[in-house]
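Structure file my_file-v8.pdb with PDB, C-alpha atoms:
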ATOM      1  CA  MET A  56      30.949  18.541  16.862  1.00  0.00           C
ATOM      2  CA  ILE A  57      28.016  18.103  14.494  1.00  0.00           C
ATOM      3  CA  LYS A  58      24.665  18.097  16.304  1.00  0.00           C
ATOM      4  CA  ALA A  59      22.323  18.696  13.363  1.00  0.00           C
ATOM      5  CA  VAL A  60      22.223  17.878   9.655  1.00  0.00           C
ATOM      6  CA  LEU A  61      20.260  20.158   7.338  1.00  0.00           C
ATOM      7  CA  PHE A  62      19.215  19.021   3.883  1.00  0.00           C
ATOM      8  CA  ASP A  63      18.023  20.764   0.779  1.00  0.00           C
ATOM      9  CA  LEU A  64      14.920  18.961  -0.502  1.00  0.00           C
ATOM     10  CA  ASP A  65      14.793  18.847  -4.305  1.00  0.00           C
ATOM     11  CA  ASN A  66      17.694  16.982  -5.960  1.00  0.00           C
ATOM     12  CA  THR A  67      19.228  16.238  -2.564  1.00  0.00           C
ATOM     13  CA  LEU A  68      16.603  14.071  -0.856  1.00  0.00           C
ATOM     14  CA  ILE A  69      14.117  13.764  -3.709  1.00  0.00           C
ATOM     15  CA  ASP A  70      14.936  13.105  -7.365  1.00  0.00           C
ATOM     16  CA  PHE A  71      13.068  16.232  -8.420  1.00  0.00           C
ATOM     17  CA  MET A  72      14.526  16.688 -11.899  1.00  0.00           C
ATOM     18  CA  ARG A  73      13.691  13.126 -12.928  1.00  0.00           C
ATOM     19  CA  MET A  74      10.084  13.763 -11.942  1.00  0.00           C
ATOM     20  CA  LYS A  75      10.070  17.160 -13.664  1.00  0.00           C
ATOM     21  CA  LYS A  76      11.539  15.800 -16.912  1.00  0.00           C
ATOM     22  CA  ASN A  77       9.043  12.956 -17.218  1.00  0.00           C
ATOM     23  CA  SER A  78       6.100  15.153 -16.233  1.00  0.00           C
ATOM     24  CA  ILE A  79       6.975  17.839 -18.779  1.00  0.00           C
ATOM     25  CA  GLU A  80       7.406  15.310 -21.583  1.00  0.00           C
ATOM     26  CA  GLU A  81       4.049  13.701 -20.821  1.00  0.00           C
ATOM     27  CA  GLY A  82       2.372  17.102 -20.599  1.00  0.00           C
ATOM     28  CA  VAL A  83       3.777  18.166 -23.974  1.00  0.00           C
ATOM     29  CA  ASP A  84       2.674  14.888 -25.594  1.00  0.00           C
ATOM     30  CA  ALA A  85      -0.834  15.413 -24.247  1.00  0.00           C
ATOM     31  CA  MET A  86      -1.015  18.998 -25.528  1.00  0.00           C
ATOM     32  CA  ILE A  87       0.170  17.909 -28.985  1.00  0.00           C
ATOM     33  CA  ASP A  88      -2.415  15.097 -29.007  1.00  0.00           C
ATOM     34  CA  ALA A  89      -5.048  17.707 -28.096  1.00  0.00           C
ATOM     35  CA  GLY A  90      -4.186  19.747 -31.200  1.00  0.00           C
ATOM     36  CA  LEU A  91      -1.139  21.880 -30.390  1.00  0.00           C
ATOM     37  CA  ASN A  92       0.933  22.247 -33.562  1.00  0.00           C
ATOM     38  CA  ILE A  93       4.565  22.233 -32.423  1.00  0.00           C
ATOM     39  CA  ASP A  94       7.612  19.983 -32.487  1.00  0.00           C
ATOM     40  CA  LYS A  95       7.973  18.129 -29.183  1.00  0.00           C
ATOM     41  CA  GLU A  96      11.659  18.926 -28.610  1.00  0.00           C
ATOM     42  CA  LYS A  97      11.112  22.599 -29.390  1.00  0.00           C
ATOM     43  CA  ALA A  98       8.201  22.693 -26.935  1.00  0.00           C
ATOM     44  CA  ILE A  99      10.261  21.105 -24.161  1.00  0.00           C
ATOM     45  CA  LYS A 100      13.098  23.606 -24.683  1.00  0.00           C
ATOM     46  CA  MET A 101      10.622  26.486 -24.517  1.00  0.00           C
ATOM     47  CA  ILE A 102       9.154  25.207 -21.249  1.00  0.00           C
ATOM     48  CA  TYR A 103      12.576  24.816 -19.652  1.00  0.00           C
ATOM     49  CA  LYS A 104      13.430  28.343 -20.790  1.00  0.00           C
ATOM     50  CA  ILE A 105      10.367  29.640 -18.952  1.00  0.00           C
ATOM     51  CA  TYR A 106      11.414  27.702 -15.849  1.00  0.00           C
ATOM     52  CA  GLU A 107      14.892  29.266 -16.065  1.00  0.00           C
ATOM     53  CA  GLU A 108      13.346  32.733 -16.170  1.00  0.00           C
ATOM     54  CA  GLU A 109      10.507  32.240 -13.674  1.00  0.00           C
ATOM     55  CA  GLY A 110      11.798  29.485 -11.362  1.00  0.00           C
ATOM     56  CA  MET A 111      11.126  25.751 -11.190  1.00  0.00           C
ATOM     57  CA  GLU A 112       8.102  26.260  -8.920  1.00  0.00           C
ATOM     58  CA  ASP A 113       6.179  28.314 -11.510  1.00  0.00           C
ATOM     59  CA  ASN A 114       2.565  27.067 -11.443  1.00  0.00           C
ATOM     60  CA  LYS A 115       1.596  28.711 -14.722  1.00  0.00           C
ATOM     61  CA  VAL A 116       4.379  27.506 -16.962  1.00  0.00           C
ATOM     62  CA  PHE A 117       2.019  25.769 -19.424  1.00  0.00           C
ATOM     63  CA  GLN A 118      -0.169  28.894 -19.655  1.00  0.00           C
ATOM     64  CA  LYS A 119       2.869  31.057 -20.423  1.00  0.00           C
ATOM     65  CA  PHE A 120       4.088  28.459 -22.909  1.00  0.00           C
ATOM     66  CA  LEU A 121       0.762  28.428 -24.787  1.00  0.00           C
ATOM     67  CA  ILE A 122       0.701  32.225 -24.975  1.00  0.00           C
ATOM     68  CA  LYS A 123       4.190  32.158 -26.529  1.00  0.00           C
ATOM     69  CA  VAL A 124       3.166  29.479 -29.051  1.00  0.00           C
ATOM     70  CA  MET A 125      -0.458  30.432 -29.828  1.00  0.00           C
ATOM     71  CA  GLY A 126      -0.763  34.008 -28.628  1.00  0.00           C
ATOM     72  CA  LYS A 127      -3.529  32.858 -26.292  1.00  0.00           C
ATOM     73  CA  ILE A 128      -4.506  30.088 -23.877  1.00  0.00           C
ATOM     74  CA  ASP A 129      -6.533  27.260 -25.379  1.00  0.00           C
ATOM     75  CA  TYR A 130      -8.067  25.807 -22.227  1.00  0.00           C
ATOM     76  CA  ARG A 131      -8.802  22.398 -23.706  1.00  0.00           C
ATOM     77  CA  ILE A 132      -5.154  21.983 -24.687  1.00  0.00           C
ATOM     78  CA  LEU A 133      -4.037  23.404 -21.335  1.00  0.00           C
ATOM     79  CA  ALA A 134      -6.266  21.021 -19.385  1.00  0.00           C
ATOM     80  CA  ASN A 135      -4.900  18.003 -21.241  1.00  0.00           C
ATOM     81  CA  GLY A 136      -1.349  19.092 -20.514  1.00  0.00           C
ATOM     82  CA  ILE A 137      -1.984  19.711 -16.811  1.00  0.00           C
ATOM     83  CA  VAL A 138      -3.807  16.402 -16.273  1.00  0.00           C
ATOM     84  CA  ALA A 139      -0.980  14.448 -17.933  1.00  0.00           C
ATOM     85  CA  TYR A 140       1.684  16.379 -16.016  1.00  0.00           C
ATOM     86  CA  ARG A 141       0.024  15.742 -12.660  1.00  0.00           C
ATOM     87  CA  ARG A 142      -0.516  12.062 -13.357  1.00  0.00           C
ATOM     88  CA  ILE A 143       3.166  11.468 -14.070  1.00  0.00           C
ATOM     89  CA  ARG A 144       4.364  13.793 -11.303  1.00  0.00           C
ATOM     90  CA  THR A 145       2.714  11.635  -8.650  1.00  0.00           C
ATOM     91  CA  GLY A 146       4.171   8.408 -10.003  1.00  0.00           C
ATOM     92  CA  PHE A 147       7.736   9.645 -10.427  1.00  0.00           C
ATOM     93  CA  LEU A 148       8.177  11.586  -7.185  1.00  0.00           C
ATOM     94  CA  ALA A 149      10.594   9.466  -5.187  1.00  0.00           C
ATOM     95  CA  PRO A 150      13.540   9.828  -2.803  1.00  0.00           C
ATOM     96  CA  TYR A 151      17.018   8.890  -3.924  1.00  0.00           C
ATOM     97  CA  PRO A 152      18.183   5.394  -2.917  1.00  0.00           C
ATOM     98  CA  ARG A 153      19.204   5.031   0.756  1.00  0.00           C
ATOM     99  CA  VAL A 154      17.633   8.349   1.792  1.00  0.00           C
ATOM    100  CA  LYS A 155      15.177   7.056   4.360  1.00  0.00           C
ATOM    101  CA  ARG A 156      17.676   4.605   5.834  1.00  0.00           C
ATOM    102  CA  THR A 157      20.253   7.390   6.155  1.00  0.00           C
ATOM    103  CA  LEU A 158      17.816   9.735   7.877  1.00  0.00           C
ATOM    104  CA  VAL A 159      16.768   7.035  10.337  1.00  0.00           C
ATOM    105  CA  LYS A 160      20.426   6.295  11.177  1.00  0.00           C
ATOM    106  CA  LEU A 161      21.155   9.977  11.738  1.00  0.00           C
ATOM    107  CA  LYS A 162      18.289  10.205  14.199  1.00  0.00           C
ATOM    108  CA  SER A 163      19.423   7.017  15.936  1.00  0.00           C
ATOM    109  CA  LYS A 164      22.780   8.733  16.541  1.00  0.00           C
ATOM    110  CA  GLY A 165      20.953  11.501  18.393  1.00  0.00           C
ATOM    111  CA  LEU A 166      21.356  14.068  15.623  1.00  0.00           C
ATOM    112  CA  LYS A 167      18.644  16.542  14.752  1.00  0.00           C
ATOM    113  CA  ILE A 168      17.679  16.744  11.080  1.00  0.00           C
ATOM    114  CA  ALA A 169      15.983  19.482   9.103  1.00  0.00           C
ATOM    115  CA  VAL A 170      14.981  20.539   5.605  1.00  0.00           C
ATOM    116  CA  VAL A 171      15.865  23.994   4.274  1.00  0.00           C
ATOM    117  CA  SER A 172      14.065  24.467   0.970  1.00  0.00           C
ATOM    118  CA  ASP A 173      13.208  27.302  -1.407  1.00  0.00           C
ATOM    119  CA  ALA A 174       9.972  25.497  -2.272  1.00  0.00           C
ATOM    120  CA  PRO A 175       6.634  26.885  -1.040  1.00  0.00           C
ATOM    121  CA  LYS A 176       5.657  25.337   2.295  1.00  0.00           C
ATOM    122  CA  LEU A 177       2.699  23.303   1.022  1.00  0.00           C
ATOM    123  CA  LYS A 178       4.683  21.885  -1.898  1.00  0.00           C
ATOM    124  CA  ALA A 179       7.570  20.966   0.381  1.00  0.00           C
ATOM    125  CA  TRP A 180       5.253  19.103   2.766  1.00  0.00           C
ATOM    126  CA  VAL A 181       3.380  17.399  -0.088  1.00  0.00           C
ATOM    127  CA  ARG A 182       6.687  16.093  -1.452  1.00  0.00           C
ATOM    128  CA  LEU A 183       7.800  14.894   1.970  1.00  0.00           C
ATOM    129  CA  SER A 184       4.443  13.264   2.650  1.00  0.00           C
ATOM    130  CA  SER A 185       4.287  11.631  -0.799  1.00  0.00           C
ATOM    131  CA  THR A 186       7.692  10.059  -0.260  1.00  0.00           C
ATOM    132  CA  LYS A 187       6.938   9.008   3.358  1.00  0.00           C
ATOM    133  CA  LEU A 188       9.667  11.234   4.790  1.00  0.00           C
ATOM    134  CA  ASP A 189       7.466  13.775   6.556  1.00  0.00           C
ATOM    135  CA  ASP A 190       7.680  12.279  10.070  1.00  0.00           C
ATOM    136  CA  LEU A 191      11.490  12.143  10.156  1.00  0.00           C
ATOM    137  CA  PHE A 192      12.370  15.830  10.373  1.00  0.00           C
ATOM    138  CA  ASP A 193      12.592  17.977  13.475  1.00  0.00           C
ATOM    139  CA  VAL A 194      12.262  21.185  11.443  1.00  0.00           C
ATOM    140  CA  VAL A 195      11.181  22.074   7.898  1.00  0.00           C
ATOM    141  CA  VAL A 196      12.000  25.590   6.696  1.00  0.00           C
ATOM    142  CA  ALA A 197      10.317  26.571   3.418  1.00  0.00           C
ATOM    143  CA  TYR A 198       9.940  29.810   1.483  1.00  0.00           C
ATOM    144  CA  GLU A 199       7.106  31.319   3.530  1.00  0.00           C
ATOM    145  CA  ASP A 200       9.089  31.033   6.754  1.00  0.00           C
ATOM    146  CA  THR A 201      11.455  33.860   5.767  1.00  0.00           C
ATOM    147  CA  ARG A 202      10.247  35.103   2.360  1.00  0.00           C
ATOM    148  CA  GLU A 203      13.868  34.774   1.250  1.00  0.00           C
ATOM    149  CA  HIS A 204      15.527  32.316  -1.112  1.00  0.00           C
ATOM    150  CA  LYS A 205      18.931  30.774  -0.517  1.00  0.00           C
ATOM    151  CA  PRO A 206      21.746  31.934  -0.429  1.00  0.00           C
ATOM    152  CA  SER A 207      20.130  34.471   1.906  1.00  0.00           C
ATOM    153  CA  LYS A 208      21.235  33.886   5.502  1.00  0.00           C
ATOM    154  CA  LEU A 209      17.668  33.981   6.801  1.00  0.00           C
ATOM    155  CA  PRO A 210      16.496  30.421   5.958  1.00  0.00           C
ATOM    156  CA  PHE A 211      19.639  28.934   7.531  1.00  0.00           C
ATOM    157  CA  ARG A 212      19.364  31.116  10.623  1.00  0.00           C
ATOM    158  CA  LYS A 213      15.712  30.159  10.994  1.00  0.00           C
ATOM    159  CA  ALA A 214      16.629  26.474  10.862  1.00  0.00           C
ATOM    160  CA  PHE A 215      19.433  26.436  13.432  1.00  0.00           C
ATOM    161  CA  LYS A 216      17.467  28.648  15.821  1.00  0.00           C
ATOM    162  CA  MET A 217      14.446  26.339  15.606  1.00  0.00           C
ATOM    163  CA  LEU A 218      16.713  23.340  16.154  1.00  0.00           C
ATOM    164  CA  GLY A 219      18.306  24.985  19.187  1.00  0.00           C
ATOM    165  CA  VAL A 220      21.882  24.541  17.967  1.00  0.00           C
ATOM    166  CA  LYS A 221      24.744  26.815  16.937  1.00  0.00           C
ATOM    167  CA  PRO A 222      25.582  27.251  13.227  1.00  0.00           C
ATOM    168  CA  GLU A 223      29.027  25.670  13.672  1.00  0.00           C
ATOM    169  CA  GLU A 224      27.261  22.565  15.009  1.00  0.00           C
ATOM    170  CA  CYS A 225      25.334  22.163  11.731  1.00  0.00           C
ATOM    171  CA  LEU A 226      26.158  20.382   8.482  1.00  0.00           C
ATOM    172  CA  MET A 227      24.266  21.620   5.425  1.00  0.00           C
ATOM    173  CA  VAL A 228      23.858  19.112   2.580  1.00  0.00           C
ATOM    174  CA  GLY A 229      22.756  20.404  -0.821  1.00  0.00           C
ATOM    175  CA  ASP A 230      23.117  20.018  -4.578  1.00  0.00           C
ATOM    176  CA  TRP A 231      23.297  23.712  -5.510  1.00  0.00           C
ATOM    177  CA  PRO A 232      26.651  25.350  -4.631  1.00  0.00           C
ATOM    178  CA  GLU A 233      25.495  28.865  -5.471  1.00  0.00           C
ATOM    179  CA  ARG A 234      22.611  28.591  -3.010  1.00  0.00           C
ATOM    180  CA  ASP A 235      23.001  25.721  -0.533  1.00  0.00           C
ATOM    181  CA  ILE A 236      26.755  25.862   0.011  1.00  0.00           C
ATOM    182  CA  LYS A 237      27.211  29.618  -0.297  1.00  0.00           C
ATOM    183  CA  GLY A 238      24.316  30.443   2.019  1.00  0.00           C
ATOM    184  CA  ALA A 239      25.306  27.940   4.705  1.00  0.00           C
ATOM    185  CA  LYS A 240      28.891  29.168   4.699  1.00  0.00           C
ATOM    186  CA  LYS A 241      27.677  32.743   5.241  1.00  0.00           C
ATOM    187  CA  VAL A 242      26.269  31.771   8.648  1.00  0.00           C
ATOM    188  CA  GLY A 243      29.209  29.562   9.653  1.00  0.00           C
ATOM    189  CA  MET A 244      27.857  26.092   8.943  1.00  0.00           C
ATOM    190  CA  LYS A 245      29.868  23.119   7.724  1.00  0.00           C
ATOM    191  CA  THR A 246      28.886  22.289   4.150  1.00  0.00           C
ATOM    192  CA  CYS A 247      28.509  19.161   2.029  1.00  0.00           C
ATOM    193  CA  PHE A 248      27.950  19.153  -1.740  1.00  0.00           C
ATOM    194  CA  ALA A 249      25.541  16.415  -2.893  1.00  0.00           C
ATOM    195  CA  LYS A 250      27.224  15.794  -6.223  1.00  0.00           C
ATOM    196  CA  TYR A 251      24.779  13.026  -7.192  1.00  0.00           C
ATOM    197  CA  GLY A 252      21.914  15.540  -7.435  1.00  0.00           C
ATOM    198  CA  ALA A 253      23.623  18.396  -9.268  1.00  0.00           C
ATOM    199  CA  VAL A 254      21.983  19.309 -12.570  1.00  0.00           C
ATOM    200  CA  LYS A 255      25.311  20.427 -14.070  1.00  0.00           C
ATOM    201  CA  GLU A 256      28.987  19.677 -13.581  1.00  0.00           C
ATOM    202  CA  TYR A 257      31.113  21.876 -11.334  1.00  0.00           C
ATOM    203  CA  LYS A 258      34.886  21.975 -11.700  1.00  0.00           C
ATOM    204  CA  LYS A 259      35.296  23.346  -8.194  1.00  0.00           C
ATOM    205  CA  VAL A 260      32.896  23.540  -5.282  1.00  0.00           C
ATOM    206  CA  ASN A 261      33.793  25.494  -2.169  1.00  0.00           C
ATOM    207  CA  SER A 262      32.348  22.954   0.275  1.00  0.00           C
ATOM    208  CA  ASP A 263      33.901  21.139   3.226  1.00  0.00           C
ATOM    209  CA  TYR A 264      32.797  17.757   1.885  1.00  0.00           C
ATOM    210  CA  VAL A 265      31.588  16.194  -1.368  1.00  0.00           C
ATOM    211  CA  ILE A 266      29.435  13.057  -1.480  1.00  0.00           C
ATOM    212  CA  GLU A 267      28.466  10.745  -4.330  1.00  0.00           C
ATOM    213  CA  ARG A 268      25.704   9.012  -2.315  1.00  0.00           C
ATOM    214  CA  ILE A 269      23.450  10.246   0.459  1.00  0.00           C
ATOM    215  CA  ASP A 270      24.618   7.634   2.975  1.00  0.00           C
ATOM    216  CA  GLU A 271      28.179   9.018   2.841  1.00  0.00           C
ATOM    217  CA  VAL A 272      26.870  11.691   5.225  1.00  0.00           C
ATOM    218  CA  LEU A 273      27.065   9.043   7.955  1.00  0.00           C
ATOM    219  CA  ASP A 274      30.846   8.881   7.571  1.00  0.00           C
ATOM    220  CA  ILE A 275      31.098  12.673   7.942  1.00  0.00           C
ATOM    221  CA  VAL A 276      29.139  12.949  11.158  1.00  0.00           C
TER     222      VAL A 276
END
Using structure tokens, write down the structure from this file.
Amino acid sequence: MIKAVLFDLDNTLIDFMRMKKNSIEEGVDAMIDAGLNIDKEKAIKMIYKIYEEEGMEDNKVFQKFLIKVMGKIDYRILANGIVAYRRIRTGFLAPYPRVKRTLVKLKSKGLKIAVVSDAPKLKAWVRLSSTKLDDLFDVVVAYEDTREHKPSKLPFRKAFKMLGVKPEECLMVGDWPERDIKGAKKVGMKTCFAKYGAVKEYKKVNSDYVIERIDEVLDIV
């Protein structure tokens, strides 16, 4: 019997990649307007390459990008890029449709709900607060809580222990099979692949369930 539902945050509850895409494009436009001599599409590809190497939470991606392009950091160009990025980030950070309604219904059924995220704690809470989801969760486990990224067992263990439930009584919902599904299975949780948030197509996912919309979780529990 499922007593708790655990969610990944980015691309499962929040449309993170939509926000990231629009923020990066606006930041690149601003840097080009400030005097950076580079093709926009080339710049965007370079930035995503840095994210692939350093992680999507890298705070100095524009600095590293400018060093690759210019051999140095031009702080006027950097400042323009950061200001534009932050302005768009705030406006585009939003939950997927039906997220809040689904979370409220889960709680009304007596289920405990949690977030298990690789994001730094402050960033995770800022995203939850910005999207008005912060008061709905019983537990939020972020990077600093274990100093381990998924698929390590530690974040999942931390979550079910804080919730006061057994791993087999938990359903983990996430968009990243290699991290969310694999890690949850290691500790004995039921798993659900959030196909709607996946950034690439998977021919086969080793999860117990697959959903196309967040509210399909209600049918599972």
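The closest residue to Gly146 (chain A), picked from A:Ile128, A:Leu121, A:Met74, A:Leu91 and counting all atoms listed in the file, is A:Met74.
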Protein/DNA/RNA residues near (-14.0, 21.6, -29.0), cut 12 Å, all atoms listed in the file, as a PyMOL selection string: chain A and resi 89-90+129-132
Protein, DNA and RNA residues within 10 Å of (21.1, 15.1, -1.7), only C-alpha atoms, as a PyMOL selection string: chain A and resi 62-70+150-151+154+228-231+247-253+266-270+272
Who sits within 12 Å of region 112-115 of chain A, all atoms listed in the file, same chain under 2 positions skipped, as a PyMOL selection string: chain A and resi 65+71-72+75+102-110+117-122+128+133-134+136-137+140-141+172-179+198
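Interatomic distance, CA of Lys95 (chain A) to CA of Met111 (chain A): 19.8 Å.
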Output of the PyMOL selection byres ((chain A and resi 170) around 9), listed as a list in words: Val60, Leu61, Phe62, Asp63, Leu64, Ile168, Ala169, Val171, Ser172, Phe192, Asp193, Val194, Val195, Val196, Ala197 and Ala214 of chain A
Contacts of Thr186 (chain A) at 7 Å (all atoms listed in the file; same-chain gap of 2+ positions) as a ChimeraX atom specification: /A:149-150,182-184,188
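Among the candidates A:Glu80, A:Asp235, A:Glu223, A:Asp189, the one nearest to Lys205 (chain A) when counting all atoms listed in the file is A:Asp235.
Closest approach to Leu158 (chain A) among A:Ile99, A:Asn77, A:Ile143, A:Leu191 is made by A:Leu191 (distances from only C-alpha atoms).
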